[in-house]
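Q: Next comes the structure file model-v7.pdb, holding PDB, C-alpha atoms.
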MODEL        1
ATOM      1  CA  ILE A   1      -2.393 -27.118  41.659
ATOM      2  CA  ASN A   2      -6.139 -27.621  41.494
ATOM      3  CA  GLY A   3      -7.671 -24.804  43.554
ATOM      4  CA  ILE A   4      -4.316 -23.889  45.126
ATOM      5  CA  THR A   5      -3.144 -20.264  45.255
ATOM      6  CA  ILE A   6       0.088 -19.900  43.325
ATOM      7  CA  GLY A   7       2.517 -18.105  45.615
ATOM      8  CA  ALA A   8       1.709 -19.870  48.916
ATOM      9  CA  ILE A   9      -0.450 -17.549  51.076
ATOM     10  CA  THR A  10      -0.350 -14.539  48.728
ATOM     11  CA  ALA A  11      -1.162 -14.940  45.037
ATOM     12  CA  SER A  12       1.887 -14.268  42.859
ATOM     13  CA  SER A  13       3.295 -14.926  39.396
ATOM     14  CA  GLY A  14       3.580 -18.353  37.823
ATOM     15  CA  LEU A  15       5.841 -19.467  34.981
ATOM     16  CA  PHE A  16       4.719 -22.238  32.624
ATOM     17  CA  THR A  17       6.033 -23.690  29.386
ATOM     18  CA  THR A  18       2.545 -24.695  28.222
ATOM     19  CA  LEU A  19      -0.812 -23.591  29.608
ATOM     20  CA  GLY A  20      -3.995 -25.361  28.633
ATOM     21  CA  GLY A  21      -7.497 -25.668  29.965
ATOM     22  CA  SER A  22     -11.034 -26.761  29.108
ATOM     23  CA  GLY A  23     -12.918 -24.013  30.946
ATOM     24  CA  VAL A  24     -13.379 -20.269  30.570
ATOM     25  CA  LEU A  25     -10.247 -18.179  31.130
ATOM     26  CA  THR A  26     -11.028 -15.027  33.122
ATOM     27  CA  ILE A  27      -8.506 -12.277  33.789
ATOM     28  CA  THR A  28      -9.595  -9.461  36.100
ATOM     29  CA  ASP A  29      -6.751  -7.051  35.335
ATOM     30  CA  THR A  30      -8.141  -3.923  33.581
ATOM     31  CA  THR A  31      -4.974  -2.510  31.991
ATOM     32  CA  GLU A  32      -5.945  -0.673  28.786
ATOM     33  CA  SER A  33      -4.210  -1.546  25.519
ATOM     34  CA  THR A  34      -2.853   1.474  23.662
ATOM     35  CA  THR A  35       0.166  -0.067  21.890
ATOM     36  CA  SER A  36       1.388  -3.503  20.799
ATOM     37  CA  SER A  37       3.132  -3.938  24.174
ATOM     38  CA  THR A  38       0.418  -2.815  26.626
ATOM     39  CA  GLY A  39      -2.725  -4.459  27.998
ATOM     40  CA  SER A  40      -3.801  -7.093  30.468
ATOM     41  CA  VAL A  41      -2.785  -9.901  28.069
ATOM     42  CA  LYS A  42       0.477  -9.568  26.122
ATOM     43  CA  LEU A  43       1.565 -12.079  23.498
ATOM     44  CA  PHE A  44       4.952 -12.274  21.805
ATOM     45  CA  GLY A  45       3.454 -14.300  18.956
ATOM     46  CA  GLY A  46       0.313 -14.177  16.868
ATOM     47  CA  LEU A  47      -3.239 -14.853  18.002
ATOM     48  CA  SER A  48      -5.543 -17.339  16.291
ATOM     49  CA  SER A  49      -9.146 -18.157  17.125
ATOM     50  CA  LEU A  50     -11.616 -20.734  15.796
ATOM     51  CA  LYS A  51     -14.508 -18.531  16.926
ATOM     52  CA  ASN A  52     -15.451 -14.860  16.749
ATOM     53  CA  ILE A  53     -13.357 -12.120  18.308
ATOM     54  CA  PHE A  54     -15.425  -9.400  19.983
ATOM     55  CA  ALA A  55     -13.957  -6.131  21.281
ATOM     56  CA  GLY A  56     -15.949  -4.017  23.708
ATOM     57  CA  GLY A  57     -13.686  -1.047  22.973
ATOM     58  CA  ASP A  58     -11.952   0.108  19.809
ATOM     59  CA  PHE A  59     -10.070  -2.387  17.675
ATOM     60  CA  LEU A  60      -6.676  -0.715  17.367
ATOM     61  CA  GLY A  61      -3.630  -1.557  15.305
ATOM     62  CA  TYR A  62      -2.174  -0.869  11.867
ATOM     63  CA  ARG A  63      -2.112  -2.317   8.404
ATOM     64  CA  PRO A  64       0.948  -1.958   6.179
ATOM     65  CA  TYR A  65       0.813   1.133   4.012
ATOM     66  CA  LEU A  66       3.035   3.381   1.932
ATOM     67  CA  MET A  67       2.543   7.001   0.876
ATOM     68  CA  CYS A  68       5.107   8.523  -1.475
ATOM     69  CA  HIS A  69       5.511  11.241  -4.072
ATOM     70  CA  SER A  70       7.863  12.378  -6.811
ATOM     71  CA  ASN A  71       9.127  15.892  -7.467
ATOM     72  CA  THR A  72      10.965  14.768 -10.623
ATOM     73  CA  GLN A  73       9.704  16.123 -13.948
ATOM     74  CA  GLN A  74       9.536  13.515 -16.695
ATOM     75  CA  ALA A  75       9.049  13.818 -20.439
ATOM     76  CA  ILE A  76       6.442  11.276 -21.580
ATOM     77  CA  ALA A  77       6.966  10.286 -25.209
ATOM     78  CA  SER A  78       4.040  10.133 -27.612
ATOM     79  CA  SER A  79       3.930   6.469 -28.617
ATOM     80  CA  GLY A  80       1.840   3.329 -28.561
ATOM     81  CA  ASN A  81       3.424   2.131 -25.328
ATOM     82  CA  GLY A  82       2.714   3.006 -21.717
ATOM     83  CA  TYR A  83       5.407   4.739 -19.697
ATOM     84  CA  PRO A  84       6.188   3.487 -16.183
ATOM     85  CA  LEU A  85       6.667   6.260 -13.639
ATOM     86  CA  GLY A  86       8.438   4.054 -11.112
ATOM     87  CA  ASN A  87      11.842   5.570 -11.917
ATOM     88  CA  ALA A  88      10.645   9.042 -10.985
ATOM     89  CA  GLY A  89      12.682   9.429  -7.812
ATOM     90  CA  PHE A  90       9.892   8.639  -5.364
ATOM     91  CA  LEU A  91      10.207  10.005  -1.848
ATOM     92  CA  SER A  92       8.528   8.272   1.086
ATOM     93  CA  ASP A  93       5.985  10.371   2.999
ATOM     94  CA  SER A  94       4.990   7.528   5.327
ATOM     95  CA  ASN A  95       6.027   3.877   5.277
ATOM     96  CA  ARG A  96       4.574   1.309   7.700
ATOM     97  CA  GLY A  97       5.711  -2.101   6.567
ATOM     98  CA  THR A  98       8.437  -3.466   4.323
ATOM     99  CA  PHE A  99       8.152  -2.055   0.824
ATOM    100  CA  HIS A 100      10.429  -1.906  -2.156
ATOM    101  CA  LEU A 101      10.691   1.701  -3.334
ATOM    102  CA  PRO A 102      11.894   2.268  -6.905
ATOM    103  CA  ASP A 103      15.424   3.498  -7.436
ATOM    104  CA  ALA A 104      17.417   4.598 -10.472
ATOM    105  CA  THR A 105      17.161   1.202 -12.179
ATOM    106  CA  ASP A 106      13.848  -0.209 -10.909
ATOM    107  CA  LYS A 107      10.478   1.024 -12.092
ATOM    108  CA  PHE A 108       8.177  -0.945  -9.818
ATOM    109  CA  PHE A 109       6.819  -1.251  -6.301
ATOM    110  CA  ARG A 110       6.677  -4.469  -4.290
ATOM    111  CA  VAL A 111       4.394  -4.902  -1.299
ATOM    112  CA  SER A 112       5.191  -6.608   1.998
ATOM    113  CA  ARG A 113       2.772  -9.542   2.040
ATOM    114  CA  ASN A 114       0.239 -11.450  -0.052
ATOM    115  CA  GLY A 115      -3.318 -10.189  -0.019
ATOM    116  CA  ILE A 116      -5.676  -7.577  -1.447
ATOM    117  CA  TRP A 117      -4.067  -4.135  -1.748
ATOM    118  CA  LEU A 118      -5.549  -0.745  -2.567
ATOM    119  CA  ILE A 119      -3.331   1.245  -4.931
ATOM    120  CA  THR A 120      -4.064   4.926  -5.597
ATOM    121  CA  ALA A 121      -2.226   7.398  -7.823
ATOM    122  CA  ASP A 122      -2.454  11.009  -8.997
ATOM    123  CA  VAL A 123      -0.593  12.355 -12.035
ATOM    124  CA  SER A 124      -0.542  15.795 -13.676
ATOM    125  CA  PHE A 125       0.080  16.325 -17.391
ATOM    126  CA  ALA A 126       1.395  19.525 -18.941
ATOM    127  CA  PRO A 127      -1.159  21.346 -21.150
ATOM    128  CA  ASN A 128      -1.683  20.304 -24.760
ATOM    129  CA  SER A 129      -4.936  20.391 -26.727
ATOM    130  CA  THR A 130      -4.237  17.297 -28.863
ATOM    131  CA  GLY A 131      -4.703  13.594 -28.170
ATOM    132  CA  ILE A 132      -5.546  11.667 -25.016
ATOM    133  CA  ARG A 133      -3.908  11.022 -21.653
ATOM    134  CA  LEU A 134      -4.158   7.804 -19.670
ATOM    135  CA  CYS A 135      -3.128   6.759 -16.146
ATOM    136  CA  GLY A 136      -3.460   3.282 -14.648
ATOM    137  CA  ILE A 137      -2.084   0.699 -12.223
ATOM    138  CA  VAL A 138      -0.272  -2.288 -13.755
ATOM    139  CA  LEU A 139       0.506  -5.643 -12.118
ATOM    140  CA  THR A 140       3.019  -8.106 -13.556
ATOM    141  CA  THR A 141       3.434 -11.640 -12.202
ATOM    142  CA  ALA A 142       5.376 -14.758 -13.143
ATOM    143  CA  THR A 143       2.454 -15.924 -15.320
ATOM    144  CA  ILE A 144       0.833 -12.630 -16.391
ATOM    145  CA  PHE A 145       3.053 -10.149 -18.222
ATOM    146  CA  GLN A 146       0.902  -7.090 -17.733
ATOM    147  CA  THR A 147      -2.613  -6.326 -16.479
ATOM    148  CA  MET A 148      -3.870  -2.755 -16.096
ATOM    149  CA  TYR A 149      -6.394  -1.816 -13.420
ATOM    150  CA  GLY A 150      -8.394   1.296 -12.630
ATOM    151  CA  TYR A 151      -7.222   3.399 -15.555
ATOM    152  CA  THR A 152      -8.653   6.845 -16.275
ATOM    153  CA  GLN A 153      -8.466   8.852 -19.486
ATOM    154  CA  LEU A 154      -8.625  12.461 -20.679
ATOM    155  CA  LYS A 155      -9.430  13.269 -24.304
ATOM    156  CA  SER A 156      -7.346  16.441 -24.288
ATOM    157  CA  ASN A 157      -5.655  19.005 -22.081
ATOM    158  CA  ALA A 158      -6.766  22.595 -22.165
ATOM    159  CA  VAL A 159      -3.864  24.777 -23.265
ATOM    160  CA  GLY A 160      -2.599  26.878 -20.382
ATOM    161  CA  ALA A 161      -3.586  24.551 -17.552
ATOM    162  CA  ASN A 162      -2.240  21.278 -16.200
ATOM    163  CA  ASP A 163      -4.756  18.455 -16.027
ATOM    164  CA  ARG A 164      -4.684  15.835 -13.290
ATOM    165  CA  LEU A 165      -5.634  12.184 -13.553
ATOM    166  CA  SER A 166      -6.417   9.912 -10.625
ATOM    167  CA  SER A 167      -6.406   6.123 -10.631
ATOM    168  CA  SER A 168      -7.267   3.534  -7.980
ATOM    169  CA  ALA A 169      -7.620  -0.238  -7.934
ATOM    170  CA  HIS A 170      -7.873  -3.207  -5.593
ATOM    171  CA  ILE A 171      -5.170  -5.652  -6.665
ATOM    172  CA  LYS A 172      -4.676  -9.273  -5.622
ATOM    173  CA  VAL A 173      -1.015 -10.041  -4.884
ATOM    174  CA  SER A 174      -0.239 -13.764  -4.600
ATOM    175  CA  ALA A 175       3.572 -13.704  -4.726
ATOM    176  CA  PHE A 176       4.655 -10.504  -3.006
ATOM    177  CA  ALA A 177       8.384 -11.196  -3.365
ATOM    178  CA  THR A 178       8.201 -11.183  -7.172
ATOM    179  CA  ASP A 179       4.918  -9.503  -8.212
ATOM    180  CA  ASN A 180       5.593  -5.980  -9.488
ATOM    181  CA  ILE A 181       3.264  -2.972  -9.377
ATOM    182  CA  TYR A 182       3.771  -0.097 -11.813
ATOM    183  CA  LEU A 183       2.188   3.313 -12.245
ATOM    184  CA  MET A 184       1.722   3.628 -16.022
ATOM    185  CA  VAL A 185       0.889   6.693 -18.117
ATOM    186  CA  TYR A 186       0.266   7.129 -21.832
ATOM    187  CA  GLN A 187      -0.261  10.062 -24.181
ATOM    188  CA  ASP A 188      -0.521  10.508 -27.964
ATOM    189  CA  CYS A 189      -0.446  14.262 -28.576
ATOM    190  CA  GLY A 190       2.387  13.814 -31.119
ATOM    191  CA  VAL A 191       5.235  15.300 -29.080
ATOM    192  CA  ASN A 192       6.822  14.707 -25.685
ATOM    193  CA  LEU A 193       4.538  15.809 -22.870
ATOM    194  CA  ASN A 194       5.864  16.569 -19.407
ATOM    195  CA  VAL A 195       4.555  15.108 -16.196
ATOM    196  CA  PRO A 196       5.542  18.044 -13.981
ATOM    197  CA  GLY A 197       7.811  17.664 -10.997
ATOM    198  CA  THR A 198       7.028  19.987  -8.127
ATOM    199  CA  THR A 199       6.748  20.081  -4.359
ATOM    200  CA  GLN A 200       3.126  21.238  -4.694
ATOM    201  CA  ASP A 201       0.581  18.495  -4.034
ATOM    202  CA  THR A 202      -1.546  19.634  -6.989
ATOM    203  CA  ASP A 203       1.161  18.974  -9.599
ATOM    204  CA  ARG A 204       3.436  16.249  -8.309
ATOM    205  CA  VAL A 205       3.026  12.479  -8.802
ATOM    206  CA  ASP A 206       1.512  10.815  -5.711
ATOM    207  CA  VAL A 207       1.161   7.090  -4.979
ATOM    208  CA  GLY A 208      -0.554   5.376  -2.049
ATOM    209  CA  ILE A 209      -0.444   1.648  -1.235
ATOM    210  CA  SER A 210      -2.436   0.134   1.646
ATOM    211  CA  TYR A 211      -3.215  -3.416   2.778
ATOM    212  CA  VAL A 212      -6.935  -4.319   2.735
ATOM    213  CA  SER A 213      -7.325  -8.021   3.565
ATOM    214  CA  GLU A 214      -5.923 -11.502   3.130
ATOM    215  CA  ILE A 215      -6.736 -13.496   0.020
TER     216      ILE A 215
ENDMDL
END
Translate this file's structure into structure tokens.
A:
Amino acid sequence: INGITIGAITASSGLFTTLGGSGVLTITDTTESTTSSTGSVKLFGGLSSLKNIFAGGDFLGYRPYLMCHSNTQQAIASSGNGYPLGNAGFLSDSNRGTFHLPDATDKFFRVSRNGIWLITADVSFAPNSTGIRLCGIVLTTATIFQTMYGYTQLKSNAVGANDRLSSSAHIKVSAFATDNIYLMVYQDCGVNLNVPGTTQDTDRVDVGISYVSEI
């Protein structure tokens, strides 16, 4: 079909099982791409390139992410061990991807693919003027029992006011089906200390998980 119009006199559609070429492919259709199923070139599979990809317009799309919160109040014991908040009855605010959300028996999150992930968390502690508070992100793998990232610490809570801790970390996940991510808190004021449960953003536990890049 060298130089021949497909469709006899009037150009029309062609159906091929395999299309290859050694020259430049030029498509003159100008259909804008606004979703995964629109545009002048539509692929049902992935796209790979050995060279650069340059977009004259915006590069649109999405990365997997999860935003969730807990309205469940929890009593954090004063001890030498961290307390995982994954069994706090998390509710999904927005979920784009396949994530494991904790339930009554599980205390961890699992992400949807291997790569570098950004984990963020906010936790409020009830007031108490004694001891310290700590919040951090923990990753457990088949070979590493527990590694804490991005922890923050308060020396004390002012009586009469809740104090809020924020934590964030970039975490490398190499085995997404089995690697577990926990939100851990710790306190040593000498008595149980509540992490409040409320529908207000300023007091509830919030967790965000978003995909950053491949490994």
Q: Can you list, as a PyMOL selection string, every protein, DNA or RNA residue that comes within 6 Å of region 108-124 of chain A when you count only C-alpha atoms, leaving out same-chain residues fewer than 6 positions away?
A: chain A and resi 86+98-102+163-174+176+180-182+195+203+205-215
Q: Give me a file of those residues, with C-alpha atoms, as a JSON list (two decimals), keeping the file's coordinate frame.
A:
[["chain", "number", "residue", "atom", "x", "y", "z"],
["A", 86, "GLY", "CA", 8.44, 4.05, -11.11],
["A", 98, "THR", "CA", 8.44, -3.47, 4.32],
["A", 99, "PHE", "CA", 8.15, -2.06, 0.82],
["A", 100, "HIS", "CA", 10.43, -1.91, -2.16],
["A", 101, "LEU", "CA", 10.69, 1.70, -3.33],
["A", 102, "PRO", "CA", 11.89, 2.27, -6.90],
["A", 163, "ASP", "CA", -4.76, 18.45, -16.03],
["A", 164, "ARG", "CA", -4.68, 15.84, -13.29],
["A", 165, "LEU", "CA", -5.63, 12.18, -13.55],
["A", 166, "SER", "CA", -6.42, 9.91, -10.62],
["A", 167, "SER", "CA", -6.41, 6.12, -10.63],
["A", 168, "SER", "CA", -7.27, 3.53, -7.98],
["A", 169, "ALA", "CA", -7.62, -0.24, -7.93],
["A", 170, "HIS", "CA", -7.87, -3.21, -5.59],
["A", 171, "ILE", "CA", -5.17, -5.65, -6.66],
["A", 172, "LYS", "CA", -4.68, -9.27, -5.62],
["A", 173, "VAL", "CA", -1.01, -10.04, -4.88],
["A", 174, "SER", "CA", -0.24, -13.76, -4.60],
["A", 176, "PHE", "CA", 4.66, -10.50, -3.01],
["A", 180, "ASN", "CA", 5.59, -5.98, -9.49],
["A", 181, "ILE", "CA", 3.26, -2.97, -9.38],
["A", 182, "TYR", "CA", 3.77, -0.10, -11.81],
["A", 195, "VAL", "CA", 4.56, 15.11, -16.20],
["A", 203, "ASP", "CA", 1.16, 18.97, -9.60],
["A", 205, "VAL", "CA", 3.03, 12.48, -8.80],
["A", 206, "ASP", "CA", 1.51, 10.82, -5.71],
["A", 207, "VAL", "CA", 1.16, 7.09, -4.98],
["A", 208, "GLY", "CA", -0.55, 5.38, -2.05],
["A", 209, "ILE", "CA", -0.44, 1.65, -1.24],
["A", 210, "SER", "CA", -2.44, 0.13, 1.65],
["A", 211, "TYR", "CA", -3.22, -3.42, 2.78],
["A", 212, "VAL", "CA", -6.94, -4.32, 2.74],
["A", 213, "SER", "CA", -7.32, -8.02, 3.56],
["A", 214, "GLU", "CA", -5.92, -11.50, 3.13],
["A", 215, "ILE", "CA", -6.74, -13.50, 0.02]]
Q: Let me make sure I understand: among A:Lys155, A:Thr130, A:Arg204, A:Tyr149, which one has the smallest atom-to-atom distance to Cys189 (chain A) if we use only C-alpha atoms?
A: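 Closest residue, counting only C-alpha atoms: A:Thr130.
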Q: Could you list, as JSON, numbers by chain, every residue within 7 Å of region 137-141 of chain A, counting all atoms listed in the file and ignoring same-chain residues fewer than 4 positions away?
A: {"A": [145, 146, 147, 148, 149, 150, 151, 178, 179, 180, 181, 182, 183, 184]}
Q: Considering only C-alpha atoms, return as a PDB file with C-alpha atoms, in the frame of the given file whatever protein or nucleic-acid residues lie within 12 Å of Glu32 (chain A), sequence-local ones (same chain, fewer than 6 positions apart) excluded.
A:
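Generated file (out-v8.pdb):
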ATOM      1  CA  THR A  38       0.418  -2.815  26.626  1.00  0.00           C
ATOM      2  CA  GLY A  39      -2.725  -4.459  27.998  1.00  0.00           C
ATOM      3  CA  SER A  40      -3.801  -7.093  30.468  1.00  0.00           C
ATOM      4  CA  VAL A  41      -2.785  -9.901  28.069  1.00  0.00           C
ATOM      5  CA  LYS A  42       0.477  -9.568  26.122  1.00  0.00           C
ATOM      6  CA  GLY A  56     -15.949  -4.017  23.708  1.00  0.00           C
ATOM      7  CA  GLY A  57     -13.686  -1.047  22.973  1.00  0.00           C
ATOM      8  CA  ASP A  58     -11.952   0.108  19.809  1.00  0.00           C
ATOM      9  CA  PHE A  59     -10.070  -2.387  17.675  1.00  0.00           C
ATOM     10  CA  LEU A  60      -6.676  -0.715  17.367  1.00  0.00           C
TER      11      LEU A  60
END
Q: Which residue out of A:Ala177, A:Ala55, A:Leu66, A:Ala126 has the minimum interatomic distance to Leu91 (chain A) when all atoms listed in the file are used?
A: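 Smallest distance to Leu91 (chain A) is found for A:Leu66.
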Q: To one decimal place in Å, what is the distance between CA of Leu154 (chain A) and CA of Val185 (chain A)?
A: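 Distance between the two atoms: 11.4 Å.
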Q: Mind listing whatever residues come within 6 Å of the point (-5.8, 6.8, -19.5)? Use all atoms listed in the file, file coordinates, and give them as a PyMOL selection string.
A: chain A and resi 133-135+151-153
Q: Selected residues, C-alpha atoms, written as a short mmCIF file (atom, residue, chain, number, x, y, z; two decimals), keeping the file's coordinate frame, please.
A:
data_model
loop_
_atom_site.label_atom_id
_atom_site.label_comp_id
_atom_site.auth_asym_id
_atom_site.auth_seq_id
_atom_site.Cartn_x
_atom_site.Cartn_y
_atom_site.Cartn_z
CA ARG A 133 -3.91 11.02 -21.65
CA LEU A 134 -4.16 7.80 -19.67
CA CYS A 135 -3.13 6.76 -16.15
CA TYR A 151 -7.22 3.40 -15.56
CA THR A 152 -8.65 6.84 -16.27
CA GLN A 153 -8.47 8.85 -19.49
#
